[in-house]
>>> print(open('work23.txt').read())   # compact mmCIF, N, CA and C atoms
# COMPACT_ATOMS: atom_id res chain seq x y z
N MET A 1 0.83 -1.19 0.00
CA MET A 1 0.00 0.00 0.00
C MET A 1 0.88 1.25 0.00
N THR A 2 0.39 2.26 -0.62
CA THR A 2 1.15 3.50 -0.63
C THR A 2 0.99 4.21 0.71
N PHE A 3 1.88 5.09 0.98
CA PHE A 3 1.87 5.83 2.24
C PHE A 3 0.57 6.62 2.41
N LYS A 4 0.11 7.29 1.37
CA LYS A 4 -1.13 8.09 1.44
C LYS A 4 -2.34 7.20 1.71
N LEU A 5 -2.37 6.04 1.09
CA LEU A 5 -3.48 5.12 1.29
C LEU A 5 -3.50 4.59 2.72
N LYS A 6 -2.32 4.28 3.25
CA LYS A 6 -2.23 3.81 4.64
C LYS A 6 -2.71 4.90 5.60
N CYS A 7 -2.30 6.12 5.37
CA CYS A 7 -2.74 7.23 6.22
C CYS A 7 -4.25 7.43 6.15
N ALA A 8 -4.79 7.34 4.96
CA ALA A 8 -6.24 7.50 4.78
C ALA A 8 -6.99 6.38 5.50
N ALA A 9 -6.48 5.16 5.41
CA ALA A 9 -7.12 4.02 6.08
C ALA A 9 -7.09 4.20 7.59
N ARG A 10 -5.96 4.64 8.12
CA ARG A 10 -5.85 4.88 9.57
C ARG A 10 -6.82 5.97 10.01
N ALA A 11 -6.88 7.04 9.26
CA ALA A 11 -7.80 8.13 9.60
C ALA A 11 -9.24 7.65 9.59
N PHE A 12 -9.58 6.83 8.62
CA PHE A 12 -10.93 6.27 8.53
C PHE A 12 -11.27 5.45 9.77
N PHE A 13 -10.38 4.58 10.20
CA PHE A 13 -10.65 3.74 11.37
C PHE A 13 -10.66 4.54 12.66
N ILE A 14 -9.87 5.58 12.73
CA ILE A 14 -9.91 6.44 13.91
C ILE A 14 -11.27 7.14 13.99
N CYS A 15 -11.76 7.62 12.86
CA CYS A 15 -13.09 8.24 12.82
C CYS A 15 -14.17 7.25 13.23
N LEU A 16 -14.09 6.03 12.74
CA LEU A 16 -15.06 5.01 13.12
C LEU A 16 -15.03 4.76 14.62
N PHE A 17 -13.84 4.70 15.19
CA PHE A 17 -13.71 4.47 16.63
C PHE A 17 -14.45 5.54 17.41
N PHE A 18 -14.25 6.80 17.05
CA PHE A 18 -14.90 7.88 17.77
C PHE A 18 -16.40 7.94 17.51
N MET A 19 -16.84 7.51 16.36
CA MET A 19 -18.27 7.49 16.07
C MET A 19 -19.00 6.49 16.95
N PHE A 20 -18.35 5.38 17.29
CA PHE A 20 -19.01 4.33 18.04
C PHE A 20 -18.49 4.21 19.47
N ASP A 21 -17.70 5.16 19.89
CA ASP A 21 -17.21 5.19 21.26
C ASP A 21 -18.42 5.33 22.19
N GLU A 22 -18.47 4.57 23.28
CA GLU A 22 -19.63 4.56 24.17
C GLU A 22 -19.91 5.93 24.78
N THR A 23 -18.91 6.76 24.90
CA THR A 23 -19.16 8.07 25.49
C THR A 23 -20.00 8.95 24.58
N HIS A 24 -20.09 8.61 23.30
CA HIS A 24 -20.89 9.38 22.37
C HIS A 24 -22.25 8.74 22.10
N VAL A 25 -22.44 7.49 22.44
CA VAL A 25 -23.69 6.79 22.20
C VAL A 25 -24.64 7.10 23.35
N GLY A 26 -25.88 7.46 23.05
CA GLY A 26 -26.86 7.74 24.10
C GLY A 26 -26.41 8.89 24.98
N ALA A 27 -26.02 9.99 24.37
CA ALA A 27 -25.43 11.09 25.10
C ALA A 27 -26.38 11.73 26.11
N GLN A 28 -27.68 11.52 25.99
CA GLN A 28 -28.62 12.10 26.93
C GLN A 28 -28.55 11.36 28.26
N SER A 29 -28.41 12.11 29.32
CA SER A 29 -28.32 11.55 30.66
C SER A 29 -29.45 12.09 31.52
N PHE A 30 -30.15 11.21 32.22
CA PHE A 30 -31.22 11.66 33.10
C PHE A 30 -30.65 12.55 34.20
N LYS A 31 -29.59 12.09 34.85
CA LYS A 31 -29.04 12.84 35.99
C LYS A 31 -28.40 14.16 35.57
N LYS A 32 -27.75 14.19 34.42
CA LYS A 32 -27.04 15.40 34.00
C LYS A 32 -27.90 16.35 33.16
N ASP A 33 -28.82 15.80 32.37
CA ASP A 33 -29.59 16.62 31.43
C ASP A 33 -31.03 16.87 31.86
N VAL A 34 -31.70 15.86 32.40
CA VAL A 34 -33.13 15.98 32.68
C VAL A 34 -33.41 16.42 34.11
N GLN A 35 -32.80 15.78 35.10
CA GLN A 35 -33.08 16.13 36.49
C GLN A 35 -32.81 17.60 36.79
N PRO A 36 -31.74 18.21 36.28
CA PRO A 36 -31.56 19.65 36.54
C PRO A 36 -32.71 20.52 36.00
N ILE A 37 -33.31 20.11 34.90
CA ILE A 37 -34.47 20.84 34.37
C ILE A 37 -35.65 20.69 35.33
N LEU A 38 -35.87 19.48 35.82
CA LEU A 38 -36.95 19.25 36.78
C LEU A 38 -36.69 20.03 38.06
N ASP A 39 -35.44 20.01 38.54
CA ASP A 39 -35.10 20.73 39.77
C ASP A 39 -35.38 22.23 39.63
N ALA A 40 -35.01 22.80 38.51
CA ALA A 40 -35.14 24.25 38.31
C ALA A 40 -36.56 24.70 38.02
N ASN A 41 -37.40 23.81 37.48
CA ASN A 41 -38.70 24.25 36.99
C ASN A 41 -39.91 23.54 37.58
N CYS A 42 -39.72 22.39 38.19
CA CYS A 42 -40.87 21.57 38.58
C CYS A 42 -40.93 21.23 40.07
N VAL A 43 -39.77 21.07 40.69
CA VAL A 43 -39.72 20.56 42.06
C VAL A 43 -40.34 21.51 43.07
N SER A 44 -40.39 22.80 42.77
CA SER A 44 -40.99 23.73 43.73
C SER A 44 -42.44 23.36 44.04
N CYS A 45 -43.13 22.76 43.10
CA CYS A 45 -44.50 22.27 43.32
C CYS A 45 -44.52 20.75 43.53
N HIS A 46 -43.76 20.03 42.72
CA HIS A 46 -43.79 18.57 42.74
C HIS A 46 -42.76 18.00 43.71
N GLN A 47 -43.04 18.23 45.02
CA GLN A 47 -42.15 17.72 46.05
C GLN A 47 -42.92 16.87 47.05
N THR A 48 -42.19 16.07 47.77
CA THR A 48 -42.78 15.15 48.74
C THR A 48 -43.72 15.90 49.67
N GLY A 49 -44.91 15.36 49.84
CA GLY A 49 -45.89 15.92 50.76
C GLY A 49 -46.89 16.87 50.14
N SER A 50 -46.56 17.46 48.99
CA SER A 50 -47.49 18.42 48.39
C SER A 50 -47.57 18.32 46.88
N ALA A 51 -47.08 17.25 46.32
CA ALA A 51 -47.01 17.12 44.86
C ALA A 51 -48.39 16.94 44.23
N PRO A 52 -48.74 17.79 43.26
CA PRO A 52 -49.98 17.58 42.52
C PRO A 52 -49.96 16.20 41.86
N GLN A 53 -51.11 15.54 41.85
CA GLN A 53 -51.25 14.20 41.27
C GLN A 53 -50.29 13.20 41.93
N ASN A 54 -49.77 13.54 43.11
CA ASN A 54 -48.77 12.71 43.80
C ASN A 54 -47.55 12.44 42.93
N LEU A 55 -47.23 13.35 42.04
CA LEU A 55 -46.10 13.22 41.13
C LEU A 55 -44.90 13.95 41.72
N VAL A 56 -44.07 13.20 42.42
CA VAL A 56 -42.87 13.76 43.07
C VAL A 56 -41.73 13.74 42.05
N LEU A 57 -41.16 14.91 41.80
CA LEU A 57 -40.10 15.04 40.80
C LEU A 57 -38.75 15.39 41.42
N GLU A 58 -38.62 15.18 42.71
CA GLU A 58 -37.35 15.41 43.38
C GLU A 58 -36.33 14.36 42.96
N SER A 59 -35.07 14.75 43.03
CA SER A 59 -33.98 13.83 42.71
C SER A 59 -34.09 12.59 43.60
N GLY A 60 -33.92 11.45 42.99
CA GLY A 60 -34.02 10.19 43.72
C GLY A 60 -35.39 9.54 43.61
N ALA A 61 -36.41 10.33 43.30
CA ALA A 61 -37.77 9.80 43.17
C ALA A 61 -38.34 10.00 41.77
N SER A 62 -37.84 10.98 41.06
CA SER A 62 -38.46 11.38 39.80
C SER A 62 -38.43 10.31 38.72
N TYR A 63 -37.30 9.66 38.53
CA TYR A 63 -37.20 8.67 37.45
C TYR A 63 -38.26 7.59 37.62
N ARG A 64 -38.35 7.03 38.83
CA ARG A 64 -39.34 5.97 39.09
C ARG A 64 -40.77 6.49 38.97
N ALA A 65 -40.96 7.78 39.21
CA ALA A 65 -42.31 8.36 39.17
C ALA A 65 -42.81 8.61 37.75
N ILE A 66 -41.89 8.78 36.81
CA ILE A 66 -42.35 9.17 35.47
C ILE A 66 -42.17 8.11 34.39
N VAL A 67 -41.16 7.28 34.48
CA VAL A 67 -40.87 6.32 33.40
C VAL A 67 -41.76 5.09 33.55
N ASN A 68 -42.50 4.79 32.49
CA ASN A 68 -43.43 3.66 32.45
C ASN A 68 -44.53 3.75 33.50
N HIS A 69 -44.90 4.98 33.86
CA HIS A 69 -46.03 5.19 34.77
C HIS A 69 -47.12 5.95 34.03
N SER A 70 -48.35 5.53 34.24
CA SER A 70 -49.49 6.16 33.56
C SER A 70 -49.77 7.54 34.13
N SER A 71 -50.20 8.41 33.26
CA SER A 71 -50.66 9.73 33.68
C SER A 71 -52.01 9.59 34.36
N THR A 72 -52.30 10.48 35.28
CA THR A 72 -53.63 10.49 35.89
C THR A 72 -54.59 11.36 35.09
N GLU A 73 -54.08 12.07 34.08
CA GLU A 73 -54.91 12.97 33.28
C GLU A 73 -55.26 12.41 31.91
N ALA A 74 -54.48 11.48 31.40
CA ALA A 74 -54.70 10.94 30.05
C ALA A 74 -54.34 9.46 30.05
N HIS A 75 -54.76 8.78 29.02
CA HIS A 75 -54.45 7.35 28.89
C HIS A 75 -53.11 7.16 28.20
N GLN A 76 -52.09 7.74 28.77
CA GLN A 76 -50.73 7.69 28.23
C GLN A 76 -49.76 7.46 29.37
N MET A 77 -48.60 6.94 29.03
CA MET A 77 -47.51 6.89 29.99
C MET A 77 -46.97 8.31 30.14
N LEU A 78 -46.51 8.66 31.33
CA LEU A 78 -45.84 9.95 31.48
C LEU A 78 -44.61 9.98 30.60
N VAL A 79 -43.80 8.94 30.68
CA VAL A 79 -42.65 8.77 29.79
C VAL A 79 -42.68 7.36 29.25
N ALA A 80 -42.88 7.25 27.95
CA ALA A 80 -42.83 5.97 27.24
C ALA A 80 -41.46 5.89 26.57
N PRO A 81 -40.52 5.12 27.13
CA PRO A 81 -39.17 5.08 26.59
C PRO A 81 -39.15 4.83 25.08
N GLY A 82 -38.43 5.68 24.37
CA GLY A 82 -38.31 5.55 22.93
C GLY A 82 -39.46 6.14 22.14
N ALA A 83 -40.47 6.68 22.83
CA ALA A 83 -41.67 7.18 22.15
C ALA A 83 -42.05 8.57 22.64
N PRO A 84 -41.34 9.60 22.22
CA PRO A 84 -41.67 10.95 22.68
C PRO A 84 -43.10 11.38 22.35
N LYS A 85 -43.61 11.00 21.19
CA LYS A 85 -44.96 11.41 20.79
C LYS A 85 -46.05 10.78 21.64
N SER A 86 -45.72 9.71 22.35
CA SER A 86 -46.68 9.03 23.22
C SER A 86 -46.43 9.33 24.69
N SER A 87 -45.52 10.22 24.99
CA SER A 87 -45.15 10.53 26.38
C SER A 87 -45.90 11.78 26.85
N TYR A 88 -46.77 11.58 27.83
CA TYR A 88 -47.61 12.67 28.29
C TYR A 88 -46.81 13.80 28.94
N LEU A 89 -45.73 13.48 29.62
CA LEU A 89 -44.91 14.53 30.22
C LEU A 89 -44.43 15.52 29.17
N LEU A 90 -43.98 15.02 28.04
CA LEU A 90 -43.52 15.89 26.96
C LEU A 90 -44.67 16.73 26.41
N ALA A 91 -45.83 16.12 26.26
CA ALA A 91 -47.00 16.87 25.79
C ALA A 91 -47.37 17.96 26.79
N LYS A 92 -47.31 17.65 28.07
CA LYS A 92 -47.68 18.60 29.11
C LYS A 92 -46.74 19.80 29.14
N ILE A 93 -45.44 19.59 28.94
CA ILE A 93 -44.51 20.72 28.96
C ILE A 93 -44.47 21.45 27.62
N SER A 94 -45.01 20.81 26.58
CA SER A 94 -45.07 21.44 25.25
C SER A 94 -46.39 22.15 25.02
N GLY A 95 -47.37 21.91 25.87
CA GLY A 95 -48.68 22.52 25.72
C GLY A 95 -49.60 21.79 24.76
N SER A 96 -49.26 20.55 24.43
CA SER A 96 -50.07 19.78 23.48
C SER A 96 -50.80 18.62 24.17
N GLN A 97 -51.03 18.74 25.47
CA GLN A 97 -51.66 17.66 26.23
C GLN A 97 -53.06 17.32 25.74
N ALA A 98 -53.81 18.29 25.22
CA ALA A 98 -55.16 18.02 24.72
C ALA A 98 -55.14 17.05 23.54
N GLU A 99 -54.08 17.09 22.75
CA GLU A 99 -53.95 16.17 21.61
C GLU A 99 -53.85 14.72 22.04
N LEU A 100 -53.43 14.48 23.28
CA LEU A 100 -53.33 13.12 23.81
C LEU A 100 -54.48 12.80 24.76
N GLY A 101 -55.50 13.65 24.75
CA GLY A 101 -56.65 13.42 25.61
C GLY A 101 -56.47 13.94 27.01
N GLY A 102 -55.48 14.78 27.20
CA GLY A 102 -55.19 15.31 28.52
C GLY A 102 -55.96 16.58 28.82
N LYS A 103 -55.68 17.13 29.99
CA LYS A 103 -56.38 18.32 30.43
C LYS A 103 -55.43 19.16 31.27
N GLY A 104 -55.96 20.25 31.79
CA GLY A 104 -55.18 21.10 32.66
C GLY A 104 -54.27 22.05 31.90
N GLU A 105 -53.48 22.77 32.69
CA GLU A 105 -52.59 23.78 32.13
C GLU A 105 -51.29 23.18 31.63
N ARG A 106 -50.66 23.95 30.75
CA ARG A 106 -49.29 23.61 30.33
C ARG A 106 -48.38 23.76 31.55
N MET A 107 -47.43 22.91 31.66
CA MET A 107 -46.48 22.96 32.77
C MET A 107 -45.15 23.50 32.28
N PRO A 108 -44.43 24.14 33.14
CA PRO A 108 -44.76 24.48 34.52
C PRO A 108 -45.70 25.69 34.59
N ILE A 109 -46.47 25.74 35.65
CA ILE A 109 -47.37 26.86 35.86
C ILE A 109 -46.53 28.12 36.05
N GLY A 110 -46.95 29.18 35.41
CA GLY A 110 -46.27 30.46 35.58
C GLY A 110 -45.10 30.68 34.65
N GLY A 111 -44.85 29.75 33.76
CA GLY A 111 -43.74 29.94 32.83
C GLY A 111 -43.67 28.80 31.84
N VAL A 112 -42.93 29.00 30.81
CA VAL A 112 -42.76 27.99 29.77
C VAL A 112 -41.30 27.57 29.77
N LEU A 113 -41.06 26.28 29.66
CA LEU A 113 -39.68 25.81 29.57
C LEU A 113 -39.02 26.34 28.30
N GLN A 114 -37.74 26.57 28.37
CA GLN A 114 -36.99 26.97 27.18
C GLN A 114 -37.02 25.84 26.17
N SER A 115 -37.00 26.18 24.90
CA SER A 115 -37.05 25.15 23.85
C SER A 115 -35.90 24.16 23.98
N GLU A 116 -34.73 24.61 24.45
CA GLU A 116 -33.60 23.71 24.64
C GLU A 116 -33.89 22.67 25.71
N ASP A 117 -34.61 23.07 26.76
CA ASP A 117 -34.96 22.13 27.82
C ASP A 117 -35.98 21.10 27.33
N ILE A 118 -36.97 21.56 26.58
CA ILE A 118 -37.96 20.64 26.02
C ILE A 118 -37.28 19.66 25.08
N GLU A 119 -36.37 20.15 24.26
CA GLU A 119 -35.65 19.28 23.33
C GLU A 119 -34.76 18.28 24.07
N ALA A 120 -34.15 18.69 25.17
CA ALA A 120 -33.32 17.76 25.95
C ALA A 120 -34.17 16.62 26.51
N ILE A 121 -35.36 16.93 26.99
CA ILE A 121 -36.26 15.90 27.51
C ILE A 121 -36.74 15.01 26.38
N ARG A 122 -37.10 15.61 25.24
CA ARG A 122 -37.53 14.82 24.08
C ARG A 122 -36.43 13.87 23.63
N ALA A 123 -35.21 14.37 23.54
CA ALA A 123 -34.08 13.54 23.10
C ALA A 123 -33.81 12.41 24.08
N TRP A 124 -33.93 12.69 25.37
CA TRP A 124 -33.73 11.66 26.39
C TRP A 124 -34.79 10.56 26.24
N ILE A 125 -36.04 10.95 26.04
CA ILE A 125 -37.11 9.96 25.85
C ILE A 125 -36.85 9.16 24.57
N ALA A 126 -36.50 9.85 23.49
CA ALA A 126 -36.23 9.18 22.21
C ALA A 126 -35.08 8.19 22.32
N ALA A 127 -34.12 8.49 23.19
CA ALA A 127 -32.97 7.60 23.40
C ALA A 127 -33.31 6.40 24.28
N GLY A 128 -34.58 6.28 24.66
CA GLY A 128 -35.00 5.14 25.48
C GLY A 128 -35.14 5.46 26.95
N ALA A 129 -35.07 6.76 27.31
CA ALA A 129 -35.20 7.21 28.69
C ALA A 129 -34.29 6.45 29.65
N PRO A 130 -32.99 6.44 29.36
CA PRO A 130 -32.08 5.68 30.22
C PRO A 130 -31.98 6.27 31.62
N ASP A 131 -31.80 5.40 32.60
CA ASP A 131 -31.62 5.82 33.99
C ASP A 131 -30.12 5.96 34.23
N ASN A 132 -29.58 7.04 33.74
CA ASN A 132 -28.13 7.25 33.84
C ASN A 132 -27.80 8.66 34.31
>>> encode(input="work23.txt", output="structure tokens")
Amino acid sequence: MTFKLKCAARAFFICLFFMFDETHVGAQSFKKDVQPILDANCVSCHQTGSAPQNLVLESGASYRAIVNHSSTEAHQMLVAPGAPKSSYLLAKISGSQAELGGKGERMPIGGVLQSEDIEAIRAWIAAGAPDN
């Protein structure tokens, strides 16, 4: 093989390595990406002892409370792993809860999540809602 071809082959395999490196696969993290959004926007209401719909979103309880759990407002899972369009939590923070048969106000009350935060939650759900 010529020197240029060998260099090109090495560069190709290095690129492949980084494309499939585990640190880049499933980059959405519940603890790093989603829980901080819940802490900043939801926990003031959704905390132990006073949570509407008994939906506690505090760290340590939130993942179990939302993933594969039915909504009390609609016939949907709050978070259906891998299915953002079927996840009521995403509809509720996007203001499209009525489209899924839901009711009530868009969350959080008193403000709208930034589009980046909504997209982070959508991407996490689309990635299978990993508990990481």
>>> residues_around(input="work23.txt", residues="A:Trp124", least_positions_apart="6", cutoff="7 Å", atoms="all atoms listed in the file", output="ChimeraX atom specification")
/A:28-30,82,130
>>> atom_distance(input="work23.txt", atom1="atom CA of A:Ala80", atom2="atom CA of A:Asn132")
16.2 Å
>>> closest_residue(input="work23.txt", among="A:Leu113, A:Ala98, A:Ala83, A:Val43", to="A:Asn68", atoms="only C-alpha atoms")
A:Ala83
>>> residues_around(input="work23.txt", residues="A:Ala40", least_positions_apart="2", cutoff="12 Å", atoms="only C-alpha atoms", output="PDB file with N, CA and C atoms, in the coordinates of the input")
ATOM      1  N   ASP A  33     -28.820  15.800  32.370  1.00  0.00           N
ATOM      2  CA  ASP A  33     -29.590  16.620  31.430  1.00  0.00           C
ATOM      3  C   ASP A  33     -31.030  16.870  31.860  1.00  0.00           C
ATOM      4  N   VAL A  34     -31.700  15.860  32.400  1.00  0.00           N
ATOM      5  CA  VAL A  34     -33.130  15.980  32.680  1.00  0.00           C
ATOM      6  C   VAL A  34     -33.410  16.420  34.110  1.00  0.00           C
ATOM      7  N   GLN A  35     -32.800  15.780  35.100  1.00  0.00           N
ATOM      8  CA  GLN A  35     -33.080  16.130  36.490  1.00  0.00           C
ATOM      9  C   GLN A  35     -32.810  17.600  36.790  1.00  0.00           C
ATOM     10  N   PRO A  36     -31.740  18.210  36.280  1.00  0.00           N
ATOM     11  CA  PRO A  36     -31.560  19.650  36.540  1.00  0.00           C
ATOM     12  C   PRO A  36     -32.710  20.520  36.000  1.00  0.00           C
ATOM     13  N   ILE A  37     -33.310  20.110  34.900  1.00  0.00           N
ATOM     14  CA  ILE A  37     -34.470  20.840  34.370  1.00  0.00           C
ATOM     15  C   ILE A  37     -35.650  20.690  35.330  1.00  0.00           C
ATOM     16  N   LEU A  38     -35.870  19.480  35.820  1.00  0.00           N
ATOM     17  CA  LEU A  38     -36.950  19.250  36.780  1.00  0.00           C
ATOM     18  C   LEU A  38     -36.690  20.030  38.060  1.00  0.00           C
ATOM     19  N   CYS A  42     -39.720  22.390  38.190  1.00  0.00           N
ATOM     20  CA  CYS A  42     -40.870  21.570  38.580  1.00  0.00           C
ATOM     21  C   CYS A  42     -40.930  21.230  40.070  1.00  0.00           C
ATOM     22  N   VAL A  43     -39.770  21.070  40.690  1.00  0.00           N
ATOM     23  CA  VAL A  43     -39.720  20.560  42.060  1.00  0.00           C
ATOM     24  C   VAL A  43     -40.340  21.510  43.070  1.00  0.00           C
ATOM     25  N   SER A  44     -40.390  22.800  42.770  1.00  0.00           N
ATOM     26  CA  SER A  44     -40.990  23.730  43.730  1.00  0.00           C
ATOM     27  C   SER A  44     -42.440  23.360  44.040  1.00  0.00           C
ATOM     28  N   CYS A  45     -43.130  22.760  43.100  1.00  0.00           N
ATOM     29  CA  CYS A  45     -44.500  22.270  43.320  1.00  0.00           C
ATOM     30  C   CYS A  45     -44.520  20.750  43.530  1.00  0.00           C
ATOM     31  N   HIS A  46     -43.760  20.030  42.720  1.00  0.00           N
ATOM     32  CA  HIS A  46     -43.790  18.570  42.740  1.00  0.00           C
ATOM     33  C   HIS A  46     -42.760  18.000  43.710  1.00  0.00           C
ATOM     34  N   LEU A  57     -41.160  14.910  41.800  1.00  0.00           N
ATOM     35  CA  LEU A  57     -40.100  15.040  40.800  1.00  0.00           C
ATOM     36  C   LEU A  57     -38.750  15.390  41.420  1.00  0.00           C
ATOM     37  N   GLU A  58     -38.620  15.180  42.710  1.00  0.00           N
ATOM     38  CA  GLU A  58     -37.350  15.410  43.380  1.00  0.00           C
ATOM     39  C   GLU A  58     -36.330  14.360  42.960  1.00  0.00           C
ATOM     40  N   SER A  59     -35.070  14.750  43.030  1.00  0.00           N
ATOM     41  CA  SER A  59     -33.980  13.830  42.710  1.00  0.00           C
ATOM     42  C   SER A  59     -34.090  12.590  43.600  1.00  0.00           C
ATOM     43  N   PRO A 108     -44.430  24.140  33.140  1.00  0.00           N
ATOM     44  CA  PRO A 108     -44.760  24.480  34.520  1.00  0.00           C
ATOM     45  C   PRO A 108     -45.700  25.690  34.590  1.00  0.00           C
ATOM     46  N   GLY A 111     -44.850  29.750  33.760  1.00  0.00           N
ATOM     47  CA  GLY A 111     -43.740  29.940  32.830  1.00  0.00           C
ATOM     48  C   GLY A 111     -43.670  28.800  31.840  1.00  0.00           C
ATOM     49  N   LEU A 113     -41.060  26.280  29.660  1.00  0.00           N
ATOM     50  CA  LEU A 113     -39.680  25.810  29.570  1.00  0.00           C
ATOM     51  C   LEU A 113     -39.020  26.340  28.300  1.00  0.00           C
ATOM     52  N   GLN A 114     -37.740  26.570  28.370  1.00  0.00           N
ATOM     53  CA  GLN A 114     -36.990  26.970  27.180  1.00  0.00           C
ATOM     54  C   GLN A 114     -37.020  25.840  26.170  1.00  0.00           C
ATOM     55  N   ASP A 117     -34.610  23.070  26.760  1.00  0.00           N
ATOM     56  CA  ASP A 117     -34.960  22.130  27.820  1.00  0.00           C
ATOM     57  C   ASP A 117     -35.980  21.100  27.330  1.00  0.00           C
TER      58      ASP A 117
END
>>> atom_distance(input="work23.txt", atom1="atom CA of A:Glu99", atom2="atom CA of A:Ala129")
22.0 Å
>>> atom_distance(input="work23.txt", atom1="atom CA of A:Arg122", atom2="atom CA of A:Thr48")
25.2 Å
>>> select_by_dssp(input="work23.txt", residues="stretch 33-107 of chain A", states="alpha helix (DSSP H)", output="list of chain:residue names")
A:Gln35, A:Pro36, A:Ile37, A:Leu38, A:Asp39, A:Ala40, A:Asn41, A:Ser62, A:Tyr63, A:Arg64, A:Ala65, A:Ile66, A:Tyr88, A:Leu89, A:Leu90, A:Ala91, A:Lys92, A:Ile93, A:Ser94
>>> closest_residue(input="work23.txt", among="A:Ala27, A:Ala74, A:Ala91, A:Ala120", to="A:Met107", atoms="all atoms listed in the file")
A:Ala91
>>> closest_residue(input="work23.txt", among="A:Ala61, A:Ala51, A:Val112, A:Ala126", to="A:Pro84", atoms="only N, CA and C atoms")
A:Ala126
>>> closest_residue(input="work23.txt", among="A:Gly110, A:Gly104, A:Gly49, A:Gly128", to="A:Glu73", atoms="only C-alpha atoms")
A:Gly104
>>> closest_residue(input="work23.txt", among="A:Thr72, A:Asp39, A:Val79, A:Leu55", to="A:Lys103", atoms="only N, CA and C atoms")
A:Thr72
>>> axis_aligned_box(input="work23.txt", around="stretch 94-103 of chain A", padding_each_side="8 Å", output="JSON")
{"center_x": -50.8, "center_y": 17.7, "center_z": 26.4, "size_x": 27.6, "size_y": 25.7, "size_z": 25.7}
>>> residues_around(input="work23.txt", residues="A:Leu100", least_positions_apart="2", cutoff="8 Å", atoms="only C-alpha atoms", output="list in words")
Ala74, His75, Gln76, Ser86, Tyr88, Ala91, Ser96, Gln97, Ala98 and Gly102 of chain A
>>> closest_residue(input="work23.txt", among="A:Leu78, A:Val56, A:Val67, A:Ala123", to="A:Lys92", atoms="only C-alpha atoms")
A:Leu78
